[in-house]
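Peer 1: Submitted below is the structure of interest, expressed as structure tokens.
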Amino acid sequence: MFRELTRKNKQIQNDECIELLITETRGILAVNGDDGYPYAMPMNHYYNPEDGCIYFHCGRKGHRIDSLKKSDKVSFCVCEKGYCDEGEWAYNVRSVIVFGKVEIIDDIAEVSHIAKKLSYKFTQDEEYIKNEIERFGKATLLLKLIPEHICGKFVQES
């Protein structure tokens, strides 16, 4: 159902894909938008190793939610900053693309639980996290991306 990577010699192993999903703080979530146009936006995410799903938090209204209510199919791309070998100008970069379906979660307990885990990617300040969840938790939805296909690759940009 999903296409295989054309340049198989560039493909990275699944454990490297998961590592990127865990360590990188944001990626681009693409949904099926209005009039057949894709709608893609940068999103902070949390990869949950317990269930293999990727979680996002967002508001209750807007283009993203309207699009997801029409079609739950999405793609999500994460790309690391990369590095240059000494004396080289070309970057070496790994990226991952996830295809799957999104469930919208409205349960405040689950929203709070996952939002806290997501927050730890940015800060360990318990008081700040607690206050943010108390202030905005009820106005927040969770998007649970259930992966159907994960593929990553390594590219040298020369």
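Convention: chains lettered A, B, ... in structure tokens order; per-chain residue numbering from 1; ligands numbered from 1 as shown.
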List the spatial neighbours of region 88-97 of chain A as a list in words - criterion: any atom at most 7 Å away, only C-alpha atoms, same-chain residues fewer than 6 positions off excluded.

Peer 2: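 Here the answer would be Cys17, Ser75, Phe76, Cys77, Val78, Cys79, Glu80, Lys81, Gly82, Ile150, Cys151, Gly152, Lys153, Phe154, Val155, Gln156, Glu157 and Ser158 of chain A.
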
Peer 1: Find the spatial neighbours of Ile104 (chain A), counting only C-alpha atoms, within a cut-off of 12 Å - ignore same-chain residues fewer than 5 positions away - and output them as a list in words.

Peer 2: Tyr55, Phe56, His57, Cys58, Gly59, Arg60, Lys61, Arg64, Ile65, Asp66, Ser67, Leu68, Lys69, Ser71, Asp72, Glu110, Val111, Thr140, Leu141, Leu142, Leu143, Lys144, Leu145 and Ile146 of chain A

Peer 1: Give me, as a tab-separated table, each residue of region 40-147 of chain A that comes within 6 Å of region 20-27 of chain A, together with its shortest interatomic pair and the distance in Å at one decimal, counting only C-alpha atoms, with rows ordered by chain and rising residue number.

Peer 2:
```
residue	atom	partner	partner_atom	distance
A:Pro42	CA	A:Gly27	CA	5.5
A:Met43	CA	A:Arg26	CA	5.4
A:Asn44	CA	A:Arg26	CA	4.3
A:His45	CA	A:Arg26	CA	5.8
A:Tyr47	CA	A:Ile22	CA	5.4
A:Cys77	CA	A:Gly27	CA	5.5
A:Val78	CA	A:Gly27	CA	4.4
```

Peer 1: Check the DSSP output for the backbone and give back, as a ChimeraX atom specification, the residues of region 45-105 of chain A in strand (DSSP E or B).

Peer 2: /A:46-48,53-59,73-79,83-84,91-105

Peer 1: Would you list the contacts of region 125-134 of chain A as number ranges by chain, taking every protein, DNA or RNA residue within 8 Å and counting only C-alpha atoms, but skipping same-chain residues closer than 2 positions in sequence?

Peer 2: A: 112, 115-116, 119, 123, 136-138

Peer 1: Can you write out the residues you just picked, keeping C-alpha atoms, as a PDB file, in the first residue's frame?

Peer 2:
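To be explicit, this is the file written out as part_18.pdb:
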```
ATOM      1  CA  SER A 112      -2.950  16.343  30.764  1.00  0.00           C
ATOM      2  CA  ALA A 115       0.905  17.199  27.558  1.00  0.00           C
ATOM      3  CA  LYS A 116       3.120  16.727  30.613  1.00  0.00           C
ATOM      4  CA  SER A 119       6.514  19.383  27.996  1.00  0.00           C
ATOM      5  CA  THR A 123      11.623  21.969  30.270  1.00  0.00           C
ATOM      6  CA  PHE A 136      -4.927  25.564  28.997  1.00  0.00           C
ATOM      7  CA  GLY A 137      -5.765  21.866  29.475  1.00  0.00           C
ATOM      8  CA  LYS A 138      -9.522  22.249  29.041  1.00  0.00           C
TER       9      LYS A 138
END
```

Peer 1: What's the 6 Å shell around Phe99 (chain A), counting only C-alpha atoms, without same-chain residues fewer than 6 positions away, as a ChimeraX atom specification?

Peer 2: /A:74-75,147-149

Peer 1: Measuring atom to atom with only C-alpha atoms, identify which of A:Arg3, A:Lys10, A:Lys73, A:Lys121 is nearest to Val102 (chain A).

Peer 2: A:Lys73

Peer 1: Using the chain letters and numbers from this document, which residues of region 33-146 of chain A does DSSP assign to helix (DSSP H, G or I), as an MDAnalysis selection string?

Peer 2: chainID A and resid 34:36 63:70 108:119 126:139
